[in-house]
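J.: Encoded as C-alpha cells, here's the structure I'll be asking about.
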Amino acid sequence: MAASNLSRVVKAEPGVSRGKKQFSTGAIVSIYLKNFVTYEEVKFHCKPGLNLILGPNGSGKSTIVCALCLGLGGATKLLGRAKDVKEFVKRGCVEGEIELELYKNHRESLKIRRCINSTNSRSKWYIDGRPCKMETVTTEIEKMNIQLTNLCQFLPQDKVVEFAKMDKYKLLRATEQAIGPADLDEMHEELINLRDREKSGKKTMETLVDKCKQLEQLNQLVQGDVERYMERQKVMENVKELKQKKSIIEYRYARERWQEMNKKKKEAGSILSEARRHLQPVETSIADVEKQIEKLRMETQKVSVKYRQGSSSINQLIENIRQLADELDKPRREFQEKQQEEETRVEKIESLTRDVRKMQEELINLPSLVDIKPQLHRLSIDMGEIDVKIRHLQDKKEYLDENKGQLRRQLDEIRKEIHVLNDIRTQRLKIMSRFDPDTITSVEWLAKNKEKFQMQIFEPIITVINAKNVKYTKMVEACVKYKERTAFVAQNVEDAEAFLEEQRVRKDLRIDCVRAPNKLPSHYQHPYPLEEIQKFGFETYISEVIDAPGPILAYMCESFNVHRIPVHRNRELSEHEMKNIQTHLPNIRNFYTQEVHYVISGSRYDPEKRIIRTDTIRTPFYLKTTGQVSGEGELQNKQEDTSRKISAIDNQLKTLDGQEQQLRTEAEKLRQERHGLTDVSSTRKKLESNIMIKNSRLNEMSNSLFDYELEERRCQDQIDAIQERRVQMSSKLSNMSRLMRDNIKEQLHYNLKKVQLAMKKADRQKSIRKYKEEIERAESTVSEFTEAEKELKNNANALLSYVEELLGHKINEIPLSMKQRLMAGADEKDSLQKIQTQLHEYQAKLELCIATDPQTIKQYTERNQEITKVRDTMEREVNDCKTTRNKVEQLKASWLEPLKKLLEEVNTRFSYYFNQISCRGEVKLSIDDFSGEDEFDKYGVTINVKFRDEEELQQLTAFHQSGGERSVSTILYLMALQEHAQSPFRVVDEINQGMDSYYERCVFDFITNSASQQNTSQYFLLSPKLLPSLKFSPDMALHFISNGPGVAKLPLTD
C-alpha cells in the first residue's frame, strides 16, 4: 500500500504553508497509520485548506475517515461499518496504530496516538508520547471544538446516504443539532415532550370525569339495596342472640347425657375384668398339655425318619437283586452275539472278494486317462468361444433393453402429459358448460364430424391455449378478449361458413367462429428485440409464453397483438420506471407487470400528452387449471414416433434371441459330450478308489480270528460271580425286615399317648371358649357404651365449640353481663321451646326481607372511596395542565424566533449557491397542514429546488429529482449550514456520486473558495474520480490512494 502527496508539504514550522491560509486550532497537520485496515504503514501531510483524497473504490480512501474518527475517540457506530474496534486492525497483525497531529498554535501542536489490540479490543492512548486515558483525549478535542457527531463537521460515506434520505422532520432536528445554539435542540425536544404531556393530561382528565360519573350513577342504582341491607342486618342480630341462648341450653343437656353414659361404661368395665381373671388359669394348663403333645410329636418324627430310611434301604436291595437277575442273561447273550459275528465275518470276506474281482474287470474295459484329457481340452476351447459369442449377444440385448426402457419411460411421460392436457381441456369445458352450454354442444358435434371439413377446425381458443410457465397464466388469459374466448377457429372461409351454417342455422346454437390468418406466427415481429426491452425490466413478450397450435397463435397475434405486449418482472412500476419506458420504448403502448395491466394512449386534445390506464390483472378463470404441458398434436406425434422405435427394438431383440438360442444349443451338445468324458474319468477314479478300500477291509477282516473255548469259559465265570452277589443281598434283606417290625410297634405306642393328650386339651379348650364368650359379651357392652359415650362427648364438644363460636368467648371467659342476659330463663322447662318459637318468628321476618348481595354493599363502599380519590386526582391534573401550558408558551417563544432567524440565514446562503449554478433553491420552516402550531413534532425543514427554467419549485424528494440533483442539493445545504457551525476541520466522503460534470465542477469551486479563505475550516473531500481542468489553489493538497502488487513501497518522509 502506498500514498502519494502531489503537493509536498514541508514540515518546517507548525502553522506555516506555502499558501496564504494558516492552520487553525484543531486542524489536522498529519495522519500516520500503521497496520490499520489495508495500510501497512503510511503518513499523510495535510494542507490547511482543501485536502482532496482520490482513488478507486476499495483502495483505502474511507480508511482515512475511519482513522480520523477512531483516532479522536469516536465510536465505531459513527462509521456504520464494523462494530468492534479490533476489526480495524490489519488482518494477521496483533496491533494497529493511529497517530494524529493537531495544530494548537504557531509554537506547538498536539499529537494523539491510539494503539488498538486485535485480540482483546483494548486501546492504549498517548498525548505527545505520554500515556493517558481516553477521557483526557476527549477533553482535549472538546477544547478545540471538534464534534464528530455533527454531520456538518464529520460526514462519512455511510452517513452521506443517511443524510440525503432524511425526511423534513429529521432534517430539522439534524439542523438544530448541527448549527443551532446548544439549547435549541433541547428546547425542541422539551416542547415535544411538554406537548405530549399536555395532550396526555387532557385525555386523563376526560377519562377521570367519565369515570367519576359512572361511579356515581352506579351507586345511585343500588342505594335502595343498601338501605334494605341495613334493616336486614338488625334482624340478623336478634336471630344471632336467640341462637346463642338456644346453643347454651342444648350444650347443658348434652353434657348431662354424656356424664350418665360415662358411668354406665365404667360398670361394664368391671364385669369384663372379672371374666378375664377366671380365664387365665385355664389358658396356663392348656399350654402345659400342648408342650407334652409337642414332645411326643418330636419323638414320633424321629421314629418315622428311621422307618423311612429302612424302607428306602429295603427297596434298594430288592431293586439290586432284580438287576442281578437281569445281568445273568447278559454273558449268554454276548457269547451268542460273538458266534453270530464270526459267521457274518466269513460271509463278508467272501462278498468283498467277489466285489473286488468284478470292479477289476470293469476297470480293464474303461479307456485310460491319457486318452480322455486331450478330448476334454478341445471341448473346453469350443465351449469358451461359444460363451464369448453369447455374452456379446447379451451385451447387445442389454443395450437395446436399456434403450427400450428409456423409450418406455418417455412414452409414459408423453401419455401422462396427454392425460393432463385432456384433463385440463375437460375442466375448462366443464367451467364453460355452466355459462355457455351451446358451445359445449358444438364441441361435442365437432369431435364426431371432423372429416366433414377441408382443414382442422380448432375448438374454442381458451381450451387449446396454455401458458408455458404458470407465472404467466393470468396474463395469457387477460390477452384474449372475453367474447372471443369461446370462439372456434377455422383455417379457411369455406370451413368457417359451413360450420356456422350447421350450428347457427340448423341447430339454432349461439356460437362464434373466426378464421385464422394465412400467415405463420414467425411473420409477426416484435417492436423491439428481447435483449433491448430486458434492459428496462421486461422479461419476454406474451407470444413467447403461449403454447398453442400455429394457426391459433397467428390469430392471437393478428387480433390481440400478443407479439407486441411484453411482461415486466415487477409487481408494479414506479413513476421513474414509467418515464424511462415512455422515453426509450415509445412503441410499447400495452404491457403487463406481475399484478397490473398498463395501457398508454395519447390525449385527444394534446397529442404530446400521454394517458396511462391501469387495471389489476384478475385471477384466471379458465386457465387456472393450466400446467406446463406441450400441445396435443405435438404429443401425439411424439407418442407415435416413440412407439415405432420400441417396435424396431423388439424386432432386433427377437433376432438376437434366435441367434442366442442357436448358440446355446451348440453349447449344450458340447457340454453333454464333455459330461460323458468326465463321467468316464470319474468312474475310473472311483473304481480304483473302491478297489483299494475293499482290499484294505479284506485284509483287516482276515486278520481277526474267533477263540470259541476261551469265550465260553469267560461267560461261565461272569455267571458264577453274579450268583454269589445275589445270595449276599438276600441275607441282608432278611435282617432289615426284622428291624422294621420293631420300629412299627414303637410308632403305635407314641400315637396312643398323643390321642390321650388331645382329649385332655379338648376339655380345656371347651372351658376357654365358655369364658371367652362371656368376655366377648362384656367387651361388646363396653364397646357400645364407649361409642355412645364418645358420640355424646363429641356432640357436647361440638355444641361447646358452636357456643363459643357464636359468643366469641371461651365458655369460662364469658363476661358476667352477657352470661346473665343469655342465661335468663334458661332453667325453665319450656325455655328451649320458647326460644325456638321466637327464632322462627325472626327467621320468617328475615325471609321477608330481600337479601342483598354482600358484594354489592362492598362495591358500593369501594366506589364511594374511589369517587373521593378520582376527584382529588382531577384537581391535581387541572393544576398540572395549567402549569404545562404556561411552560409551553414561554418555551415556544424562546425556541421559534431564533429557529426562524437561523433558517432565514441558511436560506439566504442556500439560495445564493443555487443562483451561482443558474438554478433556484429555498429553505423554509414548515408544519403539516393538518397540524396546529403546537404540534412541535410536525415542524420540519422543507428544501425546494428548481433545476430547469420550465419547472416550478419542487420539494426535494427521492421521486421528483434524480440522484445527481439530490447530491448537489445535499452538499449545497451542508455548505449553507457550515457557515453557522464553526469547526477546525470538515470531512465529506464521496458526496459527488451521481452528479454530472457541470454540477460537480460548480460544487468543487464552492468548496475550494470556502476552504481557501482565512478563518474557515480545513476541508477533507474524498472522491473516486476527478474532473479535468479544475481550479486549484496553493492551499489545496491532492492525495492519491492506490494499492495492489505493483505499487512500490516508498519511505516515509516529513
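Letters A, B, ... go to the chains of the C-alpha cells in the order shown; residues in each chain start at 1; ligands are counted from 1 in the same order.
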Run DSSP on the backbone and grab whatever in range 484-702 of chain A lands in helix (DSSP H, G or I); send it over as a VMD selection string.
T.: chain A and resid 484 493 to 506 521 to 523 530 to 534 542 to 545 550 to 560 562 to 564 575 to 584 623 to 625 632 to 702
J.: Next, the residues of the selection above should be written as a short mmCIF file (atom, residue, chain, number, x, y, z; two decimals), in the first residue's frame with C-alpha atoms.
T.:
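Once written, result-v2.cif looks like this:
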data_model
loop_
_atom_site.label_atom_id
_atom_site.label_comp_id
_atom_site.auth_asym_id
_atom_site.auth_seq_id
_atom_site.Cartn_x
_atom_site.Cartn_y
_atom_site.Cartn_z
CA GLU A 484 -63.65 -14.49 -28.34
CA VAL A 493 -63.51 -19.28 -45.20
CA GLU A 494 -65.38 -22.31 -46.60
CA ASP A 495 -64.97 -24.34 -43.42
CA ALA A 496 -65.98 -21.37 -41.25
CA GLU A 497 -69.18 -20.76 -43.27
CA ALA A 498 -70.09 -24.45 -43.32
CA PHE A 499 -69.55 -24.80 -39.58
CA LEU A 500 -71.64 -21.70 -38.76
CA GLU A 501 -74.39 -22.87 -41.16
CA GLU A 502 -74.58 -26.20 -39.33
CA GLN A 503 -74.55 -24.76 -35.81
CA ARG A 504 -76.44 -21.47 -36.07
CA VAL A 505 -78.99 -22.21 -38.76
CA ARG A 506 -79.70 -25.90 -38.39
CA PRO A 521 -46.57 -16.91 -36.22
CA SER A 522 -42.98 -16.07 -37.22
CA HIS A 523 -44.39 -13.43 -39.61
CA LEU A 530 -35.85 -9.08 -26.37
CA GLU A 531 -32.34 -8.01 -25.39
CA GLU A 532 -33.31 -4.34 -25.63
CA ILE A 533 -36.52 -4.49 -23.57
CA GLN A 534 -34.86 -6.67 -20.91
CA ILE A 542 -46.77 -12.67 -24.35
CA SER A 543 -46.45 -14.50 -27.69
CA GLU A 544 -43.29 -16.20 -26.42
CA VAL A 545 -45.04 -17.77 -23.40
CA GLY A 550 -49.68 -22.33 -35.08
CA PRO A 551 -52.99 -21.03 -36.55
CA ILE A 552 -54.28 -20.14 -33.06
CA LEU A 553 -51.08 -18.27 -32.18
CA ALA A 554 -51.16 -16.44 -35.55
CA TYR A 555 -54.79 -15.42 -34.91
CA MET A 556 -53.88 -14.09 -31.42
CA CYS A 557 -51.01 -12.07 -32.92
CA GLU A 558 -53.32 -10.68 -35.63
CA SER A 559 -56.28 -9.91 -33.35
CA PHE A 560 -54.79 -9.30 -29.90
CA VAL A 562 -49.71 -10.58 -28.29
CA HIS A 563 -46.37 -10.25 -30.14
CA ARG A 564 -46.27 -6.54 -29.16
CA GLU A 575 -43.08 6.84 -11.78
CA HIS A 576 -39.39 6.82 -12.74
CA GLU A 577 -39.66 3.40 -14.42
CA MET A 578 -42.75 4.51 -16.39
CA LYS A 579 -40.91 7.61 -17.56
CA ASN A 580 -37.96 5.52 -18.78
CA ILE A 581 -40.25 3.17 -20.73
CA GLN A 582 -42.09 6.06 -22.41
CA THR A 583 -38.80 7.73 -23.30
CA HIS A 584 -36.79 4.77 -24.61
CA LEU A 623 -56.58 -21.16 -17.33
CA LYS A 624 -56.35 -21.64 -13.56
CA THR A 625 -56.01 -25.38 -14.22
CA GLU A 632 -51.75 -32.18 -28.07
CA GLY A 633 -50.70 -32.64 -31.72
CA GLU A 634 -47.02 -32.50 -30.89
CA LEU A 635 -47.53 -35.00 -28.08
CA GLN A 636 -49.39 -37.40 -30.40
CA ASN A 637 -46.51 -37.26 -32.93
CA LYS A 638 -44.01 -37.92 -30.16
CA GLN A 639 -46.09 -40.87 -28.95
CA GLU A 640 -46.25 -42.47 -32.42
CA ASP A 641 -42.52 -41.94 -33.06
CA THR A 642 -41.58 -43.45 -29.70
CA SER A 643 -43.87 -46.46 -30.30
CA ARG A 644 -42.20 -47.10 -33.68
CA LYS A 645 -38.77 -47.01 -32.08
CA ILE A 646 -39.88 -49.51 -29.39
CA SER A 647 -41.24 -51.88 -32.12
CA ALA A 648 -37.92 -51.71 -34.03
CA ILE A 649 -36.02 -52.57 -30.86
CA ASP A 650 -38.38 -55.50 -30.20
CA ASN A 651 -37.63 -56.91 -33.71
CA GLN A 652 -33.88 -56.62 -33.12
CA LEU A 653 -34.25 -58.32 -29.75
CA LYS A 654 -36.21 -61.16 -31.36
CA THR A 655 -33.43 -61.72 -33.93
CA LEU A 656 -30.77 -61.70 -31.24
CA ASP A 657 -32.81 -64.17 -29.14
CA GLY A 658 -32.83 -66.61 -32.11
CA GLN A 659 -29.07 -66.33 -32.56
CA GLU A 660 -28.51 -66.79 -28.85
CA GLN A 661 -30.76 -69.88 -28.76
CA GLN A 662 -28.83 -71.46 -31.67
CA LEU A 663 -25.51 -70.88 -29.87
CA ARG A 664 -26.87 -72.29 -26.63
CA THR A 665 -28.00 -75.48 -28.49
CA GLU A 666 -24.47 -75.98 -29.84
CA ALA A 667 -23.01 -75.31 -26.36
CA GLU A 668 -25.39 -77.87 -24.85
CA LYS A 669 -24.22 -80.56 -27.31
CA LEU A 670 -20.58 -79.88 -26.43
CA ARG A 671 -21.44 -79.83 -22.74
CA GLN A 672 -23.09 -83.26 -22.97
CA GLU A 673 -20.06 -84.66 -24.83
CA ARG A 674 -17.74 -83.26 -22.18
CA HIS A 675 -20.03 -84.57 -19.46
CA GLY A 676 -19.76 -88.10 -20.94
CA LEU A 677 -15.93 -87.95 -20.93
CA THR A 678 -15.96 -86.52 -17.43
CA ASP A 679 -18.24 -89.36 -16.24
CA VAL A 680 -15.83 -91.97 -17.71
CA SER A 681 -12.85 -90.31 -15.97
CA SER A 682 -14.63 -90.06 -12.65
CA THR A 683 -15.95 -93.67 -12.94
CA ARG A 684 -12.39 -94.95 -13.48
CA LYS A 685 -11.08 -92.99 -10.47
CA LYS A 686 -13.99 -94.17 -8.34
CA LEU A 687 -13.39 -97.86 -9.24
CA GLU A 688 -9.68 -97.60 -8.41
CA SER A 689 -10.50 -95.99 -5.07
CA ASN A 690 -13.18 -98.58 -4.20
CA ILE A 691 -10.79 -101.47 -5.04
CA MET A 692 -8.20 -100.05 -2.64
CA ILE A 693 -10.77 -99.59 0.15
CA LYS A 694 -12.26 -103.10 -0.21
CA ASN A 695 -8.78 -104.74 -0.28
CA SER A 696 -7.91 -102.89 2.92
CA ARG A 697 -11.09 -104.08 4.67
CA LEU A 698 -10.50 -107.62 3.39
CA ASN A 699 -7.04 -107.66 5.00
CA GLU A 700 -8.42 -106.35 8.31
CA MET A 701 -11.20 -108.97 8.47
CA SER A 702 -8.88 -111.82 7.55
#
J.: So which residues touch Ser1017 in chain A within 7 Å, counting only C-alpha atoms, skipping near sequence neighbours fewer than 4 positions away, as a VMD selection string?
T.: chain A and resid 983 to 986 1011
J.: Name all residues at most 8 Å from Gly26 in chain A (count only C-alpha atoms; drop same-chain ones fewer than 5 positions away) and give them as an NGL selection string.
T.: :A and (102-104 or 141 or 144-146 or 984-985)
J.: Taking only C-alpha atoms into account, name the residue in A:Leu903, A:Val305, A:Val94, A:Ile565 that is nearest to Tyr973 in chain A.
T.: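 Checking each candidate against Tyr973 in chain A, we get A:Leu903 as the closest.
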J.: Between A:Glu299, A:Glu227, A:Asp395, A:Asp167, which one has atoms that come closest to Leu748 in chain A, using only C-alpha atoms?
T.: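 Nearest candidate to Leu748 in chain A out of A:Glu299, A:Glu227, A:Asp395, A:Asp167: A:Glu299.
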J.: Run DSSP on the backbone of this structure and report the residues of range 596-730 of chain A it assigns to strand (DSSP E or B), as a list in words.
T.: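 Selecting the strand (DSSP E or B) positions of range 596-730 of chain A gives Val596, His597, Tyr598, Val599, Ile600, Ser601, Gly602, Arg610, Ile611, Ile612, Arg613, Thr614, Asp615 and Thr616 of chain A.
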J.: Keeping only C-alpha atoms, write those residues as a compact mmCIF listing (two decimals), in the first residue's frame.
T.:
# COMPACT_ATOMS: atom_id res chain seq x y z
CA VAL A 596 -51.15 -4.69 -13.21
CA HIS A 597 -52.11 -4.14 -16.88
CA TYR A 598 -50.81 -0.82 -18.28
CA VAL A 599 -52.24 0.85 -21.43
CA ILE A 600 -50.62 4.07 -22.71
CA SER A 601 -52.66 6.22 -25.09
CA GLY A 602 -52.48 9.74 -26.49
CA ARG A 610 -49.84 10.50 -22.66
CA ILE A 611 -52.69 8.95 -20.68
CA ILE A 612 -51.84 5.85 -18.66
CA ARG A 613 -54.67 3.49 -17.76
CA THR A 614 -54.02 0.71 -15.24
CA ASP A 615 -56.11 -2.32 -14.35
CA THR A 616 -55.41 -5.03 -11.81
J.: Could you check the closest approach to Arg510 in chain A for each of A:Tyr126, A:Phe488, A:Phe910, A:Tyr528 and tell me which residue wins, using only C-alpha atoms?
T.: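 So, comparing all the options, the nearest one is A:Phe488.
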J.: To one decimal in Å, tell me the separation between CA of Pro131 in chain A and CA of Ile98 in chain A.
T.: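 Atom-to-atom, CA of Pro131 in chain A to CA of Ile98 in chain A, that is 14.2 Å.
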J.: Choose the residue, out of A:Val222, A:Leu50, A:Met230, A:Ala796, that has the smallest atom-to-atom separation from Ser1010 in chain A; count only C-alpha atoms.
T.: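 Nearest to Ser1010 in chain A: A:Leu50.
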J.: Give me, please, the distance in Å between CA of Leu194 in chain A and CA of Lys887 in chain A, quoted to one decimal.
T.: 7.9 Å
J.: Which distance in Å separates CA of Met874 in chain A and CA of Ala893 in chain A, to one decimal?
T.: 29.2 Å
J.: Show which residues sit within 12 Å of Arg276 in chain A, as an mmCIF file with N, CA, C and O atoms, in the first residue's frame. Count only C-alpha atoms, and ignore same-chain residues fewer than 2 positions away.
T.:
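The new file part-v4.cif reads:
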data_model
loop_
_atom_site.group_PDB
_atom_site.id
_atom_site.type_symbol
_atom_site.label_atom_id
_atom_site.label_comp_id
_atom_site.auth_asym_id
_atom_site.auth_seq_id
_atom_site.Cartn_x
_atom_site.Cartn_y
_atom_site.Cartn_z
ATOM 1 N N GLY A 269 -67.101 -52.181 82.457
ATOM 2 C CA GLY A 269 -65.671 -52.477 82.503
ATOM 3 C C GLY A 269 -65.329 -53.373 83.678
ATOM 4 O O GLY A 269 -64.442 -54.231 83.578
ATOM 5 N N SER A 270 -65.985 -53.194 84.808
ATOM 6 C CA SER A 270 -65.734 -54.046 85.982
ATOM 7 C C SER A 270 -66.109 -55.493 85.690
ATOM 8 O O SER A 270 -65.386 -56.432 86.068
ATOM 9 N N ILE A 271 -67.250 -55.712 85.037
ATOM 10 C CA ILE A 271 -67.683 -57.069 84.675
ATOM 11 C C ILE A 271 -66.657 -57.719 83.750
ATOM 12 O O ILE A 271 -66.314 -58.905 83.880
ATOM 13 N N LEU A 272 -66.114 -56.995 82.808
ATOM 14 C CA LEU A 272 -65.131 -57.521 81.864
ATOM 15 C C LEU A 272 -63.849 -57.945 82.578
ATOM 16 O O LEU A 272 -63.281 -59.003 82.290
ATOM 17 N N SER A 273 -63.397 -57.201 83.534
ATOM 18 C CA SER A 273 -62.163 -57.538 84.274
ATOM 19 C C SER A 273 -62.326 -58.840 85.052
ATOM 20 O O SER A 273 -61.399 -59.663 85.131
ATOM 21 N N GLU A 274 -63.496 -59.057 85.634
ATOM 22 C CA GLU A 274 -63.761 -60.278 86.408
ATOM 23 C C GLU A 274 -63.693 -61.512 85.510
ATOM 24 O O GLU A 274 -63.126 -62.552 85.872
ATOM 25 N N HIS A 278 -60.873 -65.140 85.550
ATOM 26 C CA HIS A 278 -61.152 -66.572 85.550
ATOM 27 C C HIS A 278 -60.499 -67.282 84.352
ATOM 28 O O HIS A 278 -60.210 -68.474 84.422
ATOM 29 N N LEU A 279 -60.289 -66.617 83.238
ATOM 30 C CA LEU A 279 -59.775 -67.246 82.020
ATOM 31 C C LEU A 279 -58.292 -67.595 82.111
ATOM 32 O O LEU A 279 -57.842 -68.598 81.541
ATOM 33 N N GLN A 280 -57.503 -66.880 82.891
ATOM 34 C CA GLN A 280 -56.037 -67.023 82.874
ATOM 35 C C GLN A 280 -55.560 -68.410 83.334
ATOM 36 O O GLN A 280 -54.713 -69.005 82.669
ATOM 37 N N PRO A 281 -56.066 -69.044 84.477
ATOM 38 C CA PRO A 281 -55.566 -70.379 84.887
ATOM 39 C C PRO A 281 -55.823 -71.434 83.835
ATOM 40 O O PRO A 281 -54.996 -72.328 83.613
ATOM 41 N N VAL A 282 -56.986 -71.379 83.169
ATOM 42 C CA VAL A 282 -57.320 -72.390 82.165
ATOM 43 C C VAL A 282 -56.345 -72.296 80.977
ATOM 44 O O VAL A 282 -55.878 -73.306 80.448
ATOM 45 N N GLU A 283 -55.991 -71.114 80.566
ATOM 46 C CA GLU A 283 -55.064 -70.937 79.454
ATOM 47 C C GLU A 283 -53.680 -71.463 79.810
ATOM 48 O O GLU A 283 -52.971 -72.017 78.973
ATOM 49 N N ILE A 768 -62.254 -72.772 77.883
ATOM 50 C CA ILE A 768 -61.760 -71.450 77.400
ATOM 51 C C ILE A 768 -62.804 -70.784 76.518
ATOM 52 O O ILE A 768 -63.042 -69.584 76.630
ATOM 53 N N LYS A 770 -65.966 -71.043 76.682
ATOM 54 C CA LYS A 770 -67.057 -70.551 77.529
ATOM 55 C C LYS A 770 -66.686 -69.195 78.118
ATOM 56 O O LYS A 770 -67.483 -68.251 78.082
ATOM 57 N N TYR A 771 -65.438 -69.109 78.723
ATOM 58 C CA TYR A 771 -65.015 -67.834 79.316
ATOM 59 C C TYR A 771 -64.853 -66.730 78.252
ATOM 60 O O TYR A 771 -65.165 -65.561 78.500
ATOM 61 N N LYS A 772 -64.381 -67.111 77.084
ATOM 62 C CA LYS A 772 -64.194 -66.089 76.041
ATOM 63 C C LYS A 772 -65.516 -65.531 75.547
ATOM 64 O O LYS A 772 -65.607 -64.345 75.188
ATOM 65 N N GLU A 773 -66.556 -66.399 75.489
ATOM 66 C CA GLU A 773 -67.877 -65.890 75.086
ATOM 67 C C GLU A 773 -68.361 -64.844 76.066
ATOM 68 O O GLU A 773 -68.937 -63.818 75.675
ATOM 69 N N GLU A 774 -68.146 -65.152 77.401
ATOM 70 C CA GLU A 774 -68.541 -64.167 78.410
ATOM 71 C C GLU A 774 -67.755 -62.858 78.227
ATOM 72 O O GLU A 774 -68.305 -61.758 78.351
ATOM 73 N N ILE A 775 -66.427 -63.002 77.948
ATOM 74 C CA ILE A 775 -65.599 -61.793 77.761
ATOM 75 C C ILE A 775 -66.063 -61.009 76.536
ATOM 76 O O ILE A 775 -66.123 -59.777 76.554
ATOM 77 N N GLU A 776 -66.404 -61.719 75.451
ATOM 78 C CA GLU A 776 -66.843 -61.036 74.236
ATOM 79 C C GLU A 776 -68.112 -60.247 74.480
ATOM 80 O O GLU A 776 -68.271 -59.125 73.991
ATOM 81 N N ARG A 777 -69.059 -60.877 75.241
ATOM 82 C CA ARG A 777 -70.305 -60.146 75.532
ATOM 83 C C ARG A 777 -69.998 -58.900 76.351
ATOM 84 O O ARG A 777 -70.563 -57.813 76.108
ATOM 85 N N ALA A 778 -69.074 -59.061 77.356
ATOM 86 C CA ALA A 778 -68.741 -57.905 78.192
ATOM 87 C C ALA A 778 -68.026 -56.838 77.367
ATOM 88 O O ALA A 778 -68.287 -55.633 77.502
ATOM 89 N N GLU A 779 -67.119 -57.276 76.478
ATOM 90 C CA GLU A 779 -66.395 -56.299 75.635
ATOM 91 C C GLU A 779 -67.347 -55.584 74.693
ATOM 92 O O GLU A 779 -67.195 -54.390 74.429
#
J.: Considering only C-alpha atoms, state which residue in the set A:Ala182, A:Leu79, A:Asn117, A:Asp225 is at the smallest distance from Ile857 in chain A.
T.: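 Closest to Ile857 in chain A, using only C-alpha atoms: A:Asp225.
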J.: Residues within 7 Å of range 430-441 of chain A, please, as a VMD selection string. Count only C-alpha atoms; anything in the same chain fewer than 4 positions from it doesn't count.
T.: chain A and resid 426 445 509 to 511
J.: Which one is closest to Glu290 in chain A: A:Leu757, A:Ile927, A:Ile719, A:Ile1007? Count only C-alpha atoms.
T.: A:Leu757
